[in-house]
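Dropping final.pdb in here (PDB, C-alpha atoms):
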```pdb
ATOM      1  CA  MET K1291      57.245  20.616  24.873
ATOM      2  CA  ARG K1292      55.235  18.429  22.573
ATOM      3  CA  LEU K1293      51.638  17.414  22.878
ATOM      4  CA  LEU K1294      50.122  13.941  22.661
ATOM      5  CA  LEU K1295      46.546  15.197  22.589
ATOM      6  CA  PRO K1296      46.316  15.626  18.793
ATOM      7  CA  LEU K1297      46.877  11.910  18.231
ATOM      8  CA  LEU K1298      44.245  10.689  20.673
ATOM      9  CA  LEU K1299      41.792  13.395  19.649
ATOM     10  CA  ALA K1300      42.268  12.550  15.994
ATOM     11  CA  LEU K1301      41.450   8.941  16.814
ATOM     12  CA  ALA K1302      38.443   9.809  18.972
ATOM     13  CA  LEU K1303      35.050   9.657  17.329
ATOM     14  CA  PRO K1304      32.254  12.221  17.900
ATOM     15  CA  LEU K1305      30.218   9.559  19.649
ATOM     16  CA  HIS K1306      27.390   9.855  22.151
ATOM     17  CA  ALA K1307      28.608  11.249  25.450
ATOM     18  CA  GLN K1308      32.206  11.410  24.259
ATOM     19  CA  LYS K1309      31.886  15.180  24.176
ATOM     20  CA  ALA K1310      29.791  17.417  26.360
ATOM     21  CA  GLY K1311      28.898  19.762  23.503
ATOM     22  CA  LYS K1312      26.307  19.248  20.818
ATOM     23  CA  ASN K1313      26.047  15.507  21.510
ATOM     24  CA  LYS K1314      25.275  15.823  25.228
ATOM     25  CA  ASP K1315      21.521  15.474  24.734
ATOM     26  CA  LYS K1316      21.729  12.498  22.381
ATOM     27  CA  PRO K1317      19.942   9.502  23.943
ATOM     28  CA  LEU K1318      22.265   6.927  25.435
ATOM     29  CA  ILE K1319      22.159   3.340  24.262
ATOM     30  CA  LYS K1320      20.428   1.214  26.898
ATOM     31  CA  LEU K1321      21.988  -2.109  27.807
ATOM     32  CA  THR K1322      19.326  -3.014  30.371
ATOM     33  CA  THR K1323      15.676  -2.299  31.051
ATOM     34  CA  THR K1324      16.126  -2.908  34.774
ATOM     35  CA  GLU K1325      15.743   0.195  36.900
ATOM     36  CA  VAL K1326      18.776   0.980  39.039
ATOM     37  CA  ALA K1327      19.417   3.457  41.831
ATOM     38  CA  THR K1328      21.591   6.502  41.142
ATOM     39  CA  LYS K1329      23.340   9.151  43.194
ATOM     40  CA  ASP K1330      26.201  11.616  42.826
ATOM     41  CA  ILE K1331      28.988  11.934  45.383
ATOM     42  CA  VAL K1332      31.705  14.571  45.506
ATOM     43  CA  TYR K1333      34.928  12.616  45.964
ATOM     44  CA  LYS K1334      37.450  15.401  45.549
ATOM     45  CA  THR K1335      37.667  19.177  45.679
ATOM     46  CA  THR K1336      40.436  20.595  43.492
ATOM     47  CA  PRO K1337      41.572  24.161  42.807
ATOM     48  CA  GLN K1338      39.611  23.850  39.560
ATOM     49  CA  GLY K1339      36.385  22.646  41.182
ATOM     50  CA  GLU K1340      34.577  19.636  42.608
ATOM     51  CA  LEU K1341      34.772  16.181  41.034
ATOM     52  CA  LYS K1342      31.945  13.680  41.348
ATOM     53  CA  LEU K1343      31.355   9.965  41.257
ATOM     54  CA  HIS K1344      28.130   9.101  39.451
ATOM     55  CA  VAL K1345      27.015   5.938  41.229
ATOM     56  CA  PHE K1346      24.695   3.231  39.878
ATOM     57  CA  SER K1347      23.507   0.552  42.287
ATOM     58  CA  PRO K1348      21.080  -2.393  42.278
ATOM     59  CA  LYS K1349      17.582  -1.281  43.203
ATOM     60  CA  GLY K1350      14.643  -2.953  44.837
ATOM     61  CA  GLU K1351      16.540  -5.930  46.207
ATOM     62  CA  ALA K1352      16.434  -7.136  49.785
ATOM     63  CA  GLN K1353      19.405  -6.010  51.838
ATOM     64  CA  THR K1354      22.192  -8.545  51.716
ATOM     65  CA  THR K1355      25.152  -9.049  53.992
ATOM     66  CA  ALA K1356      27.301  -9.921  50.990
ATOM     67  CA  LEU K1357      29.470  -7.037  49.836
ATOM     68  CA  ARG K1358      29.282  -6.232  46.148
ATOM     69  CA  PRO K1359      32.099  -5.729  43.678
ATOM     70  CA  CYS K1360      32.509  -2.166  42.406
ATOM     71  CA  ALA K1361      33.476  -0.937  38.928
ATOM     72  CA  VAL K1362      34.860   2.580  38.394
ATOM     73  CA  PHE K1363      34.878   3.864  34.798
ATOM     74  CA  PHE K1364      36.807   6.794  33.309
ATOM     75  CA  PHE K1365      35.612   8.427  30.070
ATOM     76  CA  GLY K1366      37.722   9.071  26.972
ATOM     77  CA  GLY K1367      38.566  12.272  25.139
ATOM     78  CA  GLY K1368      42.351  12.620  25.002
ATOM     79  CA  TRP K1369      42.486  14.060  28.556
ATOM     80  CA  LYS K1370      41.012  17.153  26.909
ATOM     81  CA  SER K1371      37.271  16.574  26.534
ATOM     82  CA  GLY K1372      34.592  14.045  27.394
ATOM     83  CA  SER K1373      31.891  13.320  29.938
ATOM     84  CA  TYR K1374      31.010  10.684  32.514
ATOM     85  CA  LEU K1375      27.947   9.971  30.360
ATOM     86  CA  GLN K1376      30.056   7.789  28.088
ATOM     87  CA  PHE K1377      30.013   4.911  30.566
ATOM     88  CA  VAL K1378      26.476   5.278  31.859
ATOM     89  CA  PRO K1379      25.245   2.359  29.689
ATOM     90  CA  GLN K1380      27.869  -0.033  31.045
ATOM     91  CA  SER K1381      27.364   1.266  34.595
ATOM     92  CA  GLU K1382      23.598   0.767  34.433
ATOM     93  CA  TYR K1383      24.081  -2.712  33.073
ATOM     94  CA  LEU K1384      26.526  -3.807  35.742
ATOM     95  CA  ALA K1385      24.245  -2.363  38.435
ATOM     96  CA  SER K1386      21.401  -4.440  37.004
ATOM     97  CA  ARG K1387      23.656  -7.473  37.428
ATOM     98  CA  GLY K1388      24.441  -6.726  41.082
ATOM     99  CA  ILE K1389      27.628  -4.662  40.899
ATOM    100  CA  VAL K1390      27.946  -1.115  42.207
ATOM    101  CA  ALA K1391      29.165   0.789  39.147
ATOM    102  CA  ILE K1392      30.551   4.310  39.013
ATOM    103  CA  SER K1393      31.311   6.698  36.173
ATOM    104  CA  ALA K1394      33.846   9.188  37.470
ATOM    105  CA  ASP K1395      34.628  12.811  36.724
ATOM    106  CA  TYR K1396      38.260  13.884  36.424
ATOM    107  CA  ARG K1397      40.021  17.050  35.346
ATOM    108  CA  ILE K1398      40.365  17.693  31.605
ATOM    109  CA  LEU K1399      42.047  20.392  29.558
ATOM    110  CA  ASN K1400      38.977  21.996  27.978
ATOM    111  CA  VAL K1401      37.169  22.453  31.290
ATOM    112  CA  HIS K1402      39.855  22.669  33.951
ATOM    113  CA  LYS K1403      42.906  23.798  31.917
ATOM    114  CA  THR K1404      44.922  20.892  33.292
ATOM    115  CA  SER K1405      47.358  18.372  31.848
ATOM    116  CA  PRO K1406      47.266  14.538  31.843
ATOM    117  CA  ASP K1407      49.186  14.212  35.106
ATOM    118  CA  LYS K1408      46.217  15.744  36.941
ATOM    119  CA  ALA K1409      43.887  13.260  35.250
ATOM    120  CA  VAL K1410      46.061  10.404  36.503
ATOM    121  CA  GLU K1411      46.072  11.951  39.969
ATOM    122  CA  ASP K1412      42.270  12.187  39.966
ATOM    123  CA  ALA K1413      41.821   8.601  38.784
ATOM    124  CA  LYS K1414      43.941   7.378  41.674
ATOM    125  CA  SER K1415      41.995   9.589  44.068
ATOM    126  CA  ALA K1416      38.726   8.095  42.807
ATOM    127  CA  ILE K1417      39.852   4.512  43.426
ATOM    128  CA  ARG K1418      41.192   5.432  46.860
ATOM    129  CA  TRP K1419      37.951   7.218  47.773
ATOM    130  CA  VAL K1420      35.864   4.238  46.716
ATOM    131  CA  ARG K1421      38.020   1.751  48.604
ATOM    132  CA  GLY K1422      38.146   4.019  51.651
ATOM    133  CA  HIS K1423      34.330   4.289  51.678
ATOM    134  CA  ALA K1424      33.640   0.625  50.993
ATOM    135  CA  THR K1425      31.363   0.229  53.998
ATOM    136  CA  GLU K1426      29.302   3.268  53.024
ATOM    137  CA  LEU K1427      28.967   1.985  49.446
ATOM    138  CA  GLY K1428      28.309  -1.621  50.463
ATOM    139  CA  ILE K1429      31.193  -2.921  48.395
ATOM    140  CA  ASP K1430      34.037  -5.367  48.802
ATOM    141  CA  PRO K1431      37.297  -3.344  48.857
ATOM    142  CA  ALA K1432      39.095  -6.401  47.456
ATOM    143  CA  LYS K1433      36.880  -6.494  44.358
ATOM    144  CA  ILE K1434      37.334  -3.104  42.715
ATOM    145  CA  ILE K1435      37.399  -2.956  38.921
ATOM    146  CA  ALA K1436      38.957  -0.020  37.065
ATOM    147  CA  GLY K1437      37.662   0.542  33.555
ATOM    148  CA  GLY K1438      37.553   3.137  30.834
ATOM    149  CA  GLY K1439      37.951   3.961  27.172
ATOM    150  CA  SER K1440      40.865   5.495  25.253
ATOM    151  CA  ALA K1441      42.379   8.130  27.572
ATOM    152  CA  GLY K1442      40.023   6.813  30.262
ATOM    153  CA  GLY K1443      41.294   3.288  29.692
ATOM    154  CA  HIS K1444      44.785   4.697  30.071
ATOM    155  CA  LEU K1445      43.789   6.265  33.400
ATOM    156  CA  ALA K1446      42.297   2.994  34.624
ATOM    157  CA  ALA K1447      45.540   1.216  33.742
ATOM    158  CA  CYS K1448      47.547   3.926  35.503
ATOM    159  CA  THR K1449      45.673   3.312  38.749
ATOM    160  CA  ALA K1450      47.046  -0.229  38.637
ATOM    161  CA  LEU K1451      50.504   0.431  37.258
ATOM    162  CA  ALA K1452      51.814   4.011  37.493
ATOM    163  CA  SER K1453      53.465   5.138  40.726
ATOM    164  CA  ALA K1454      53.698   8.817  39.777
ATOM    165  CA  TYR K1455      51.188  11.579  40.495
ATOM    166  CA  ASP K1456      49.450  10.986  43.796
ATOM    167  CA  ALA K1457      47.359  13.820  45.218
ATOM    168  CA  GLU K1458      48.759  15.402  48.362
ATOM    169  CA  SER K1459      45.297  15.173  49.894
ATOM    170  CA  ASP K1460      45.012  11.401  49.300
ATOM    171  CA  ASP K1461      45.311   8.927  52.146
ATOM    172  CA  LYS K1462      48.311   6.986  50.814
ATOM    173  CA  SER K1463      47.626   4.152  53.260
ATOM    174  CA  ILE K1464      44.703   3.248  50.973
ATOM    175  CA  SER K1465      45.766   1.517  47.780
ATOM    176  CA  ALA K1466      44.753   3.025  44.439
ATOM    177  CA  LYS K1467      45.396  -0.317  42.736
ATOM    178  CA  PRO K1468      42.268  -2.049  41.431
ATOM    179  CA  ASN K1469      41.722  -5.794  41.548
ATOM    180  CA  ALA K1470      40.787  -6.092  37.871
ATOM    181  CA  MET K1471      40.781  -3.937  34.737
ATOM    182  CA  VAL K1472      38.330  -3.584  31.842
ATOM    183  CA  LEU K1473      40.014  -1.471  29.168
ATOM    184  CA  PHE K1474      38.361  -0.262  25.962
ATOM    185  CA  ASN K1475      40.982   0.756  23.342
ATOM    186  CA  PRO K1476      43.286   2.167  26.041
ATOM    187  CA  ALA K1477      46.414   4.194  25.317
ATOM    188  CA  MET K1478      49.071   1.949  26.855
ATOM    189  CA  ASN K1479      52.354   3.065  25.259
ATOM    190  CA  ILE K1480      52.296   6.809  25.904
ATOM    191  CA  ALA K1481      56.058   7.326  25.785
ATOM    192  CA  THR K1482      56.322   5.666  22.365
ATOM    193  CA  LEU K1483      53.436   7.708  21.011
ATOM    194  CA  PHE K1484      54.953  10.872  22.406
ATOM    195  CA  LYS K1485      58.344  10.269  20.820
ATOM    196  CA  ASP K1486      57.143   8.933  17.477
ATOM    197  CA  ARG K1487      53.843  10.544  16.622
ATOM    198  CA  THR K1488      53.322  13.871  18.359
ATOM    199  CA  THR K1489      53.077  17.365  16.927
ATOM    200  CA  GLY K1490      52.586  20.849  18.284
ATOM    201  CA  GLU K1491      53.208  22.402  21.666
ATOM    202  CA  GLY K1492      51.497  21.643  24.927
ATOM    203  CA  PRO K1493      51.646  20.431  28.528
ATOM    204  CA  MET K1494      52.919  16.884  27.896
ATOM    205  CA  THR K1495      56.651  16.343  28.410
ATOM    206  CA  LEU K1496      58.707  13.224  27.784
ATOM    207  CA  GLU K1497      59.218  12.870  31.536
ATOM    208  CA  MET K1498      55.456  12.927  32.068
ATOM    209  CA  ALA K1499      54.821  10.546  29.171
ATOM    210  CA  GLU K1500      57.287   8.044  30.551
ATOM    211  CA  ALA K1501      55.816   8.288  34.054
ATOM    212  CA  ILE K1502      52.297   7.517  32.813
ATOM    213  CA  THR K1503      53.092   4.733  30.343
ATOM    214  CA  PRO K1504      51.302   1.680  31.782
ATOM    215  CA  ASN K1505      53.277  -0.805  29.689
ATOM    216  CA  SER K1506      56.497   0.195  31.441
ATOM    217  CA  PHE K1507      55.378  -0.902  34.881
ATOM    218  CA  LEU K1508      53.914  -4.410  34.683
ATOM    219  CA  THR K1509      54.818  -6.702  37.559
ATOM    220  CA  LYS K1510      53.734 -10.139  38.718
ATOM    221  CA  ASP K1511      51.195  -8.356  40.943
ATOM    222  CA  THR K1512      49.399  -6.612  38.061
ATOM    223  CA  PRO K1513      45.670  -7.407  38.276
ATOM    224  CA  PRO K1514      43.843  -9.415  35.593
ATOM    225  CA  ALA K1515      42.744  -7.404  32.578
ATOM    226  CA  ILE K1516      40.585  -7.571  29.495
ATOM    227  CA  LEU K1517      41.325  -5.245  26.570
ATOM    228  CA  PHE K1518      39.136  -4.388  23.569
ATOM    229  CA  PHE K1519      40.458  -2.967  20.294
ATOM    230  CA  GLY K1520      39.375  -2.501  16.707
ATOM    231  CA  THR K1521      41.992  -3.958  14.394
ATOM    232  CA  ALA K1522      42.150  -0.620  12.514
ATOM    233  CA  ASP K1523      42.981   1.304  15.698
ATOM    234  CA  LYS K1524      46.504   2.748  15.798
ATOM    235  CA  LEU K1525      46.536   2.358  19.573
ATOM    236  CA  LYS K1526      46.259  -1.427  19.260
ATOM    237  CA  ALA K1527      50.064  -1.685  19.054
ATOM    238  CA  GLY K1528      50.205  -0.607  22.686
ATOM    239  CA  GLY K1529      47.672  -3.260  23.567
ATOM    240  CA  ASP K1530      49.706  -5.907  21.757
ATOM    241  CA  GLU K1531      52.760  -4.852  23.737
ATOM    242  CA  TYR K1532      50.809  -5.079  26.990
ATOM    243  CA  ILE K1533      49.581  -8.601  26.223
ATOM    244  CA  THR K1534      53.084  -9.786  25.330
ATOM    245  CA  LYS K1535      54.534  -8.442  28.568
ATOM    246  CA  ALA K1536      51.623  -9.746  30.632
ATOM    247  CA  LYS K1537      51.930 -13.253  29.229
ATOM    248  CA  ALA K1538      55.688 -13.284  29.890
ATOM    249  CA  LEU K1539      54.914 -12.547  33.548
ATOM    250  CA  GLY K1540      52.205 -15.199  33.729
ATOM    251  CA  LEU K1541      49.423 -12.642  34.202
ATOM    252  CA  ARG K1542      45.780 -13.043  33.315
ATOM    253  CA  ALA K1543      45.300 -10.799  30.278
ATOM    254  CA  GLU K1544      42.877 -11.064  27.381
ATOM    255  CA  MET K1545      42.579  -9.065  24.188
ATOM    256  CA  TRP K1546      39.419  -9.151  22.089
ATOM    257  CA  THR K1547      39.333  -7.439  18.707
ATOM    258  CA  ALA K1548      36.715  -6.217  16.265
ATOM    259  CA  ALA K1549      37.729  -6.783  12.652
ATOM    260  CA  ASP K1550      38.447  -3.608  10.669
ATOM    261  CA  MET K1551      36.934  -1.376  13.345
ATOM    262  CA  PRO K1552      38.487   2.003  14.248
ATOM    263  CA  HIS K1553      39.209   3.642  17.583
ATOM    264  CA  GLY K1554      36.100   4.092  19.719
ATOM    265  CA  PHE K1555      34.149   1.304  17.996
ATOM    266  CA  PHE K1556      32.757   0.072  21.311
ATOM    267  CA  ASN K1557      30.583   3.177  21.776
ATOM    268  CA  LYS K1558      28.126   2.247  19.029
ATOM    269  CA  ALA K1559      25.707  -0.608  18.451
ATOM    270  CA  PRO K1560      26.188  -3.485  17.941
ATOM    271  CA  TRP K1561      29.670  -3.313  19.455
ATOM    272  CA  ILE K1562      28.578  -1.682  22.710
ATOM    273  CA  GLN K1563      26.378  -4.718  23.369
ATOM    274  CA  VAL K1564      28.995  -7.217  22.179
ATOM    275  CA  THR K1565      31.802  -5.768  24.303
ATOM    276  CA  ALA K1566      29.565  -5.381  27.359
ATOM    277  CA  LYS K1567      28.598  -9.059  27.111
ATOM    278  CA  LYS K1568      32.249 -10.065  26.919
ATOM    279  CA  MET K1569      32.988  -7.771  29.894
ATOM    280  CA  ASP K1570      30.268  -9.609  31.818
ATOM    281  CA  GLU K1571      31.802 -12.981  30.954
ATOM    282  CA  PHE K1572      35.252 -11.803  32.056
ATOM    283  CA  LEU K1573      33.970 -10.528  35.399
ATOM    284  CA  SER K1574      32.004 -13.738  35.893
ATOM    285  CA  SER K1575      35.207 -15.727  35.339
ATOM    286  CA  LEU K1576      36.767 -13.769  38.214
ATOM    287  CA  GLY K1577      33.836 -14.570  40.488
ATOM    288  CA  TYR K1578      32.511 -11.003  40.458
ATOM    289  CA  LEU K1579      29.237 -11.918  38.735
ATOM    290  CA  GLY K1580      27.003 -14.972  38.661
ATOM    291  CA  GLY K1581      24.625 -16.391  36.120
ATOM    292  CA  GLU K1582      24.423 -15.647  32.428
ATOM    293  CA  PRO K1583      24.757 -12.160  30.882
ATOM    294  CA  THR K1584      21.368 -10.495  30.448
ATOM    295  CA  ILE K1585      22.332  -8.355  27.442
ATOM    296  CA  LYS K1586      20.320  -8.983  24.315
ATOM    297  CA  LEU K1587      22.573  -8.757  21.294
ATOM    298  CA  PRO K1588      21.250  -7.181  18.074
ATOM    299  CA  GLU K1589      20.279  -9.649  15.369
ATOM    300  CA  ASN K1590      23.298 -10.959  13.453
ATOM    301  CA  ALA K1591      25.652  -9.207  15.856
ATOM    302  CA  PRO K1592      29.312  -9.626  14.887
ATOM    303  CA  ALA K1593      31.741 -11.542  17.057
ATOM    304  CA  LEU K1594      34.915 -10.461  18.764
ATOM    305  CA  LYS K1595      38.103 -12.424  18.159
ATOM    306  CA  GLN K1596      40.439 -13.376  20.970
ATOM    307  CA  GLU K1597      44.001 -12.583  20.001
ATOM    308  CA  ASN K1598      45.886 -14.349  22.739
TER     309      ASN K1598
END
```
Just dump the structure as structure tokens.
Amino acid sequence: MRLLLPLLLALALPLHAQKAGKNKDKPLIKLTTTEVATKDIVYKTTPQGELKLHVFSPKGEAQTTALRPCAVFFFGGGWKSGSYLQFVPQSEYLASRGIVAISADYRILNVHKTSPDKAVEDAKSAIRWVRGHATELGIDPAKIIAGGGSAGGHLAACTALASAYDAESDDKSISAKPNAMVLFNPAMNIATLFKDRTTGEGPMTLEMAEAITPNSFLTKDTPPAILFFGTADKLKAGGDEYITKAKALGLRAEMWTAADMPHGFFNKAPWIQVTAKKMDEFLSSLGYLGGEPTIKLPENAPALKQEN
């Protein structure tokens, strides 16, 4: 058996919150000064331990009968490492704009000694739990956004596209398919990467890689998506393939690129602000947000380029 982890880990940067080790106490970049409400909810108990949803909600507003959209983010780290902290900035920002935003735990190799199929299973469980508890969360079950970065972006795409790896404990009558996707340098062509670029031994098999390759499963019902890549990122080829297939099916799909930037570029200023603003604009175009983005871009912030 060959292992895909070395490729994604080699691409991953030692950015804030990407790893739970020496960087865990590094201050997070703030995308909003608005105070939001937070709470943690256990959404799944596995043989390896409990998994939580870290929830960020609008605070201090009058109760409204309107149900809010909900975004669920999955962190990156090659299915091996990482922390929910990675998407706290984006979650806080979306909560400040009126969306319930969640940064989800899932099982990873370094902590739980599990393989990527369990991560896919957990991502689906998270979306199902959120949709199944829509009333409790005050959200619209028809406006659920799956998002994430790198391996987490892959997991978000799998909730929409992969049919394999559903938890036995899940209520299968509840769909794990989100209504929109926000994907930061996601790994979309796992089978190709496995066959062409892998080394070493490990838990990934070709059968597993093929089952969790999002690009293999696009249909006319695939939800709208926005993808972000640095042009120097080796995973961009998978994003290009996704866009080509999506356009052929008449799907809503956008790719925005950062010139000469590597994998994980979106974690650092000024790109974290630039990509979050574009995320806001995309969600506004779907009717999930109203008004103008409230993010203040750094002076002379660079621009993203739309590639489709």
Measuring between only C-alpha atoms, which one of K:Leu1341, K:Val1332, K:Ile1319, K:Ile1417 shows the shortest distance to K:Val1401?
K:Leu1341
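In terms of minimum interatomic distance to K:Glu1382, K:Pro1348 ranks closest within K:Pro1348, K:Pro1513, K:Gly1554, K:Pro1406, counting all atoms listed in the file.
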To test your reading of the syntax: which residues would the PyMOL selection byres ((chain K and resi 1471) around 12) return for the file shown? Reply as a PyMOL selection string.
chain K and resi 1360-1364+1433-1439+1442-1451+1467-1470+1472-1474+1476+1512-1518+1542-1545+1569+1572-1573+1576
Record the distance separating atom CA of K:Ile1392 and atom CA of K:Phe1346, expressed in Å with one decimal.
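Going from atom CA of K:Ile1392 over to atom CA of K:Phe1346, I get 6.0 Å.
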Give the answer as one residue: which of K:Phe1507, K:Phe1555, K:Trp1561, K:Phe1365 has the shortest atom-to-atom distance to K:Ser1393, using only C-alpha atoms?
K:Phe1365
I'd like the residues picked by the PyMOL selection byres ((chain K and resi 1427) around 10) written out as a short mmCIF file (atom, residue, chain, number, x, y, z; two decimals) with C-alpha atoms, in the coordinates of the input, using the chain letters and numbers from the file.
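To be explicit, this is the file written out as part_24.cif:
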```
data_model
loop_
_atom_site.label_atom_id
_atom_site.label_comp_id
_atom_site.auth_asym_id
_atom_site.auth_seq_id
_atom_site.Cartn_x
_atom_site.Cartn_y
_atom_site.Cartn_z
CA VAL K 1345 27.02 5.94 41.23
CA SER K 1347 23.51 0.55 42.29
CA LEU K 1357 29.47 -7.04 49.84
CA ARG K 1358 29.28 -6.23 46.15
CA CYS K 1360 32.51 -2.17 42.41
CA VAL K 1390 27.95 -1.12 42.21
CA VAL K 1420 35.86 4.24 46.72
CA ARG K 1421 38.02 1.75 48.60
CA GLY K 1422 38.15 4.02 51.65
CA HIS K 1423 34.33 4.29 51.68
CA ALA K 1424 33.64 0.62 50.99
CA THR K 1425 31.36 0.23 54.00
CA GLU K 1426 29.30 3.27 53.02
CA GLY K 1428 28.31 -1.62 50.46
CA ILE K 1429 31.19 -2.92 48.40
CA ASP K 1430 34.04 -5.37 48.80
CA PRO K 1431 37.30 -3.34 48.86
#
```
One number please: atom CA of K:Gly1540 to atom CA of K:Glu1571, in Å, one decimal.
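Interatomic distance here is 20.7 Å.
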Using all atoms listed in the file, find all polymer residues with an atom at most 7 Å away from the point (25.0, -3.7, 21.8); report them as a list in words.
Leu1321, Ala1559, Pro1560, Trp1561, Ile1562, Gln1563, Val1564, Leu1587 and Pro1588 of chain K
For a test of reading the model, state the distance in Å between atom CA of K:Gly1339 and atom CA of K:Ala1499, rounded to one decimal.
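Rounded to one decimal, the two atoms are 25.1 Å apart.
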Quick one: which residues end up in the PyMOL selection byres ((chain K and resi 1325) around 12) for this structure, as a ChimeraX atom specification?
/K:1320-1324,1326-1328,1346-1351,1381-1388
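Of the residues listed (K:Leu1496, K:Ala1394, K:Val1378, K:Ala1452), K:Ala1394 shows the shortest atom-to-atom separation from K:Lys1334; distances use all atoms listed in the file.
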Give me, as a PyMOL selection string, all polymer residues having an atom no more than 8 Å from K:Ala1457, counting all atoms listed in the file and skipping those fewer than 6 positions away in the same chain.
chain K and resi 1411-1412+1415
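Distances to K:Thr1565 were evaluated for K:Pro1504, K:Pro1317, K:Gly1577, K:Gly1520 using all atoms listed in the file, and the minimum falls at K:Gly1520.
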Residue among K:Ala1441, K:Arg1418, K:Ile1389, K:Thr1336 lying closest to K:Trp1369, counting all atoms listed in the file:
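Distance minimum relative to K:Trp1369 lands on K:Ala1441.
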Taking every listed atom of stretch 1540-1557 of chain K and adding 8 Å to each side, what centre and edge lengths in Å (one decimal) does the axis-aligned box have, as AutoDock Vina command-line options?
```
--center_x 41.4 --center_y -5.6 --center_z 22.4 --size_x 37.6 --size_y 35.3 --size_z 39.5
```
Mind filling out stretch 1366-1371 of chain K with all heavy atoms and sending it as a CSV table (one decimal), keeping the file's coordinate frame?
```csv
chain,number,residue,atom,x,y,z
K,1366,GLY,N,36.7,8.7,27.9
K,1366,GLY,CA,37.7,9.1,27.0
K,1366,GLY,C,37.6,10.5,26.5
K,1366,GLY,O,36.6,11.2,26.7
K,1367,GLY,N,38.6,10.9,25.7
K,1367,GLY,CA,38.6,12.3,25.1
K,1367,GLY,C,39.9,12.9,25.1
K,1367,GLY,O,40.1,14.1,25.1
K,1368,GLY,N,41.0,12.1,25.1
K,1368,GLY,CA,42.4,12.6,25.0
K,1368,GLY,C,42.8,13.5,26.2
K,1368,GLY,O,43.7,14.3,26.0
K,1369,TRP,N,42.2,13.2,27.4
K,1369,TRP,CA,42.5,14.1,28.6
K,1369,TRP,C,42.1,15.5,28.3
K,1369,TRP,O,42.4,16.4,29.1
K,1369,TRP,CB,44.0,14.0,29.0
K,1369,TRP,CG,44.6,12.7,29.1
K,1369,TRP,CD1,44.3,11.7,30.0
K,1369,TRP,CD2,45.6,12.2,28.2
K,1369,TRP,NE1,45.1,10.6,29.7
K,1369,TRP,CE2,45.9,10.9,28.6
K,1369,TRP,CE3,46.3,12.7,27.1
K,1369,TRP,CZ2,46.8,10.1,28.0
K,1369,TRP,CZ3,47.2,11.9,26.4
K,1369,TRP,CH2,47.5,10.6,26.9
K,1370,LYS,N,41.4,15.8,27.3
K,1370,LYS,CA,41.0,17.2,26.9
K,1370,LYS,C,39.5,17.4,27.0
K,1370,LYS,O,39.1,18.4,27.5
K,1370,LYS,CB,41.5,17.4,25.5
K,1370,LYS,CG,41.1,18.8,25.0
K,1370,LYS,CD,41.6,19.1,23.6
K,1370,LYS,CE,41.2,20.5,23.1
K,1370,LYS,NZ,41.7,20.7,21.7
K,1371,SER,N,38.7,16.4,26.6
K,1371,SER,CA,37.3,16.6,26.5
K,1371,SER,C,36.6,15.3,27.0
K,1371,SER,O,37.3,14.4,27.5
K,1371,SER,CB,36.8,16.9,25.1
K,1371,SER,OG,37.1,15.8,24.2
```
